[in-house]
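A.B. asks: What follows is final_3.pdb, made up of PDB, C-alpha atoms:
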```
ATOM      1  CA  MET A 706     -42.055 -61.027  -8.547
ATOM      2  CA  GLN A 707     -39.850 -58.106  -9.477
ATOM      3  CA  LYS A 708     -36.371 -58.363 -10.974
ATOM      4  CA  VAL A 709     -33.706 -56.039  -9.662
ATOM      5  CA  ILE A 710     -30.902 -55.109 -12.008
ATOM      6  CA  GLU A 711     -27.648 -54.283 -10.281
ATOM      7  CA  PHE A 712     -24.986 -52.350 -12.121
ATOM      8  CA  ARG A 713     -21.490 -53.224 -11.080
ATOM      9  CA  GLY A 714     -18.640 -50.826 -11.467
ATOM     10  CA  PRO A 715     -17.098 -47.824  -9.805
ATOM     11  CA  LYS A 716     -19.546 -45.650  -7.959
ATOM     12  CA  SER A 717     -19.528 -42.102  -9.176
ATOM     13  CA  GLU A 718     -18.862 -39.507  -6.524
ATOM     14  CA  ALA A 719     -20.784 -36.287  -6.370
ATOM     15  CA  VAL A 720     -18.782 -33.340  -7.573
ATOM     16  CA  ALA A 721     -18.400 -30.816  -4.784
ATOM     17  CA  GLU A 722     -19.069 -27.271  -5.869
ATOM     18  CA  PRO A 723     -16.826 -24.607  -4.409
ATOM     19  CA  LEU A 724     -18.501 -22.364  -1.854
ATOM     20  CA  ALA A 725     -19.076 -18.825  -3.002
ATOM     21  CA  ALA A 726     -18.002 -15.935  -0.860
ATOM     22  CA  PRO A 727     -20.872 -14.363   1.058
ATOM     23  CA  PRO A 728     -22.280 -11.250  -0.599
ATOM     24  CA  SER A 729     -21.454  -7.880   0.857
ATOM     25  CA  MET A 730     -24.077  -5.697   2.461
ATOM     26  CA  GLU A 731     -23.393  -2.490   0.479
ATOM     27  CA  PRO A 732     -24.953  -3.548  -2.858
ATOM     28  CA  ILE A 733     -28.065  -4.848  -1.112
ATOM     29  CA  LEU A 734     -28.457  -1.607   0.848
ATOM     30  CA  ALA A 735     -27.972   0.368  -2.368
ATOM     31  CA  VAL A 736     -30.823  -1.589  -3.979
ATOM     32  CA  VAL A 737     -33.049  -1.042  -0.931
ATOM     33  CA  ASN A 738     -32.294   2.690  -1.029
ATOM     34  CA  SER A 739     -32.931   2.939  -4.770
ATOM     35  CA  LEU A 740     -36.196   0.999  -4.585
ATOM     36  CA  SER A 741     -37.377   3.121  -1.651
ATOM     37  CA  ARG A 742     -36.699   6.370  -3.498
ATOM     38  CA  THR A 743     -38.391   5.090  -6.660
ATOM     39  CA  LEU A 744     -41.400   3.937  -4.643
ATOM     40  CA  ASP A 745     -41.692   7.389  -3.044
ATOM     41  CA  CYS A 746     -41.620   9.000  -6.492
ATOM     42  CA  ILE A 747     -44.327   6.678  -7.809
ATOM     43  CA  LYS A 748     -46.478   7.316  -4.721
ATOM     44  CA  THR A 749     -46.215  11.059  -5.405
ATOM     45  CA  MET A 750     -47.063  10.566  -9.076
ATOM     46  CA  CYS A 751     -50.073   8.388  -8.173
ATOM     47  CA  ALA A 752     -51.364  11.118  -5.867
ATOM     48  CA  THR A 753     -51.370  13.697  -8.666
ATOM     49  CA  GLU A 754     -52.415  11.496 -11.588
ATOM     50  CA  PRO A 755     -56.175  11.209 -12.276
ATOM     51  CA  ASN A 756     -57.740   7.802 -12.804
ATOM     52  CA  GLY A 757     -56.900   6.286 -16.158
ATOM     53  CA  PRO A 758     -54.414   4.069 -17.976
ATOM     54  CA  ILE A 759     -51.364   6.009 -16.765
ATOM     55  CA  ARG A 760     -52.412   5.709 -13.138
ATOM     56  CA  ASP A 761     -53.147   2.002 -13.636
ATOM     57  CA  LYS A 762     -49.625   1.527 -14.970
ATOM     58  CA  LEU A 763     -48.196   3.468 -12.020
ATOM     59  CA  GLU A 764     -50.160   1.330  -9.555
ATOM     60  CA  THR A 765     -48.844  -1.841 -11.218
ATOM     61  CA  GLU A 766     -45.264  -0.568 -11.012
ATOM     62  CA  ARG A 767     -45.858   0.447  -7.420
ATOM     63  CA  ALA A 768     -46.976  -3.070  -6.524
ATOM     64  CA  ASN A 769     -43.908  -4.550  -8.246
ATOM     65  CA  LEU A 770     -41.636  -2.163  -6.354
ATOM     66  CA  VAL A 771     -43.210  -3.105  -3.031
ATOM     67  CA  ILE A 772     -42.481  -6.768  -3.740
ATOM     68  CA  GLY A 773     -38.911  -6.006  -4.827
ATOM     69  CA  LEU A 774     -38.325  -3.838  -1.778
ATOM     70  CA  PHE A 775     -39.585  -6.606   0.487
ATOM     71  CA  VAL A 776     -37.250  -9.155  -1.103
ATOM     72  CA  ALA A 777     -34.271  -6.793  -0.859
ATOM     73  CA  ARG A 778     -34.989  -6.052   2.816
ATOM     74  CA  VAL A 779     -35.291  -9.751   3.616
ATOM     75  CA  ALA A 780     -31.943 -10.350   1.900
ATOM     76  CA  ALA A 781     -30.390  -7.548   3.948
ATOM     77  CA  MET A 782     -31.826  -8.948   7.188
ATOM     78  CA  ARG A 783     -30.574 -12.447   6.422
ATOM     79  CA  LEU A 784     -27.123 -11.142   5.600
ATOM     80  CA  SER A 785     -26.965  -8.945   8.685
ATOM     81  CA  SER A 786     -28.077 -11.814  10.930
ATOM     82  CA  GLY A 787     -24.707 -13.445  10.279
ATOM     83  CA  GLU A 788     -25.920 -16.405   8.256
ATOM     84  CA  GLU A 789     -22.911 -18.206   6.875
ATOM     85  CA  ALA A 790     -22.547 -19.051   3.205
ATOM     86  CA  ALA A 791     -21.733 -22.631   4.183
ATOM     87  CA  GLU A 792     -25.103 -23.002   5.902
ATOM     88  CA  VAL A 793     -26.874 -21.672   2.827
ATOM     89  CA  ALA A 794     -24.953 -24.043   0.554
ATOM     90  CA  ALA A 795     -25.629 -26.974   2.851
ATOM     91  CA  SER A 796     -29.339 -26.248   2.979
ATOM     92  CA  SER A 797     -29.589 -25.852  -0.793
ATOM     93  CA  THR A 798     -30.027 -29.616  -1.114
ATOM     94  CA  ALA A 799     -32.840 -29.604   1.439
ATOM     95  CA  PRO A 800     -36.448 -29.504   0.303
ATOM     96  CA  ILE A 801     -37.802 -26.001  -0.237
ATOM     97  CA  ALA A 802     -40.147 -26.245   2.736
ATOM     98  CA  ARG A 803     -37.184 -26.682   5.097
ATOM     99  CA  ARG A 804     -35.260 -23.611   3.916
ATOM    100  CA  GLY A 805     -34.933 -20.387   5.849
TER     101      GLY A 805
END
```
Reformat the file's structure so that it appears as structure tokens.
C.D. replies:
Amino acid sequence: MQKVIEFRGPKSEAVAEPLAAPPSMEPILAVVNSLSRTLDCIKTMCATEPNGPIRDKLETERANLVIGLFVARVAAMRLSSGEEAAEVAASSTAPIARRG
């Protein structure tokens, strides 16, 4: 048999966090533009650089930029699709698998 301990007293209420204003599109587009230009520069440098440690470093940076560019473009698409900040805040308590 299992004993259940019940605590009596006032129930604490969850503190509601204020909703943040939705981000604007301009900074996200500026990041996308900057990452795209940097990626183009690295592609050009990779084309002229012979195999070696410098090219390996450039290829690593190129891969990181591709990932960052993807994330920035997804953020821009989500923002442009009209997703409300309230929906994002409401889904933040949902399990990760249910997001998006």
A.B. asks: Each residue of stretch 720-774 of chain A with at least one atom at most 10 Å from stretch 779-787 of chain A should appear once, together with its nearest atom pair and the corresponding distance in Å (one decimal); atoms considered: only C-alpha atoms; ordering: chain, then increasing residue number; output as JSON lines.
C.D. replies:
```
{"residue": "A:Pro727", "atom": "CA", "partner": "A:Leu784", "partner_atom": "CA", "distance": 8.4}
{"residue": "A:Pro728", "atom": "CA", "partner": "A:Leu784", "partner_atom": "CA", "distance": 7.9}
{"residue": "A:Ser729", "atom": "CA", "partner": "A:Leu784", "partner_atom": "CA", "distance": 8.1}
{"residue": "A:Met730", "atom": "CA", "partner": "A:Ala781", "partner_atom": "CA", "distance": 6.7}
{"residue": "A:Glu731", "atom": "CA", "partner": "A:Ala781", "partner_atom": "CA", "distance": 9.3}
{"residue": "A:Pro732", "atom": "CA", "partner": "A:Ala781", "partner_atom": "CA", "distance": 9.6}
{"residue": "A:Ile733", "atom": "CA", "partner": "A:Ala781", "partner_atom": "CA", "distance": 6.2}
{"residue": "A:Leu734", "atom": "CA", "partner": "A:Ala781", "partner_atom": "CA", "distance": 7.0}
{"residue": "A:Val736", "atom": "CA", "partner": "A:Ala781", "partner_atom": "CA", "distance": 9.9}
{"residue": "A:Val737", "atom": "CA", "partner": "A:Ala781", "partner_atom": "CA", "distance": 8.6}
{"residue": "A:Gly773", "atom": "CA", "partner": "A:Val779", "partner_atom": "CA", "distance": 9.9}
{"residue": "A:Leu774", "atom": "CA", "partner": "A:Val779", "partner_atom": "CA", "distance": 8.6}
```
A.B. asks: Could you write out the selected residues, including C-alpha atoms, as a tab-separated table (two decimals), keeping the file's coordinate frame?
C.D. replies:
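Generated file (out_29.tsv):
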```tsv
chain	number	residue	atom	x	y	z
A	727	PRO	CA	-20.87	-14.36	1.06
A	728	PRO	CA	-22.28	-11.25	-0.60
A	729	SER	CA	-21.45	-7.88	0.86
A	730	MET	CA	-24.08	-5.70	2.46
A	731	GLU	CA	-23.39	-2.49	0.48
A	732	PRO	CA	-24.95	-3.55	-2.86
A	733	ILE	CA	-28.06	-4.85	-1.11
A	734	LEU	CA	-28.46	-1.61	0.85
A	736	VAL	CA	-30.82	-1.59	-3.98
A	737	VAL	CA	-33.05	-1.04	-0.93
A	773	GLY	CA	-38.91	-6.01	-4.83
A	774	LEU	CA	-38.33	-3.84	-1.78
```
A.B. asks: Can you tell me how far atom CA of A:Leu763 sits from atom CA of A:Met750, in Å to one decimal?
C.D. replies: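 Going from atom CA of A:Leu763 over to atom CA of A:Met750 covers 7.8 Å.
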A.B. asks: May I ask for the distance between atom CA of A:Thr753 and atom CA of A:Val776, given in Å to one decimal place?
C.D. replies: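 Atom CA of A:Val776 lies at a distance of 27.9 Å from atom CA of A:Thr753.
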A.B. asks: Report the distance between atom CA of A:Thr749 and atom CA of A:Glu766 in Å, rounded to one decimal place.
C.D. replies: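 Between atom CA of A:Thr749 and atom CA of A:Glu766 the gap works out to 12.9 Å.
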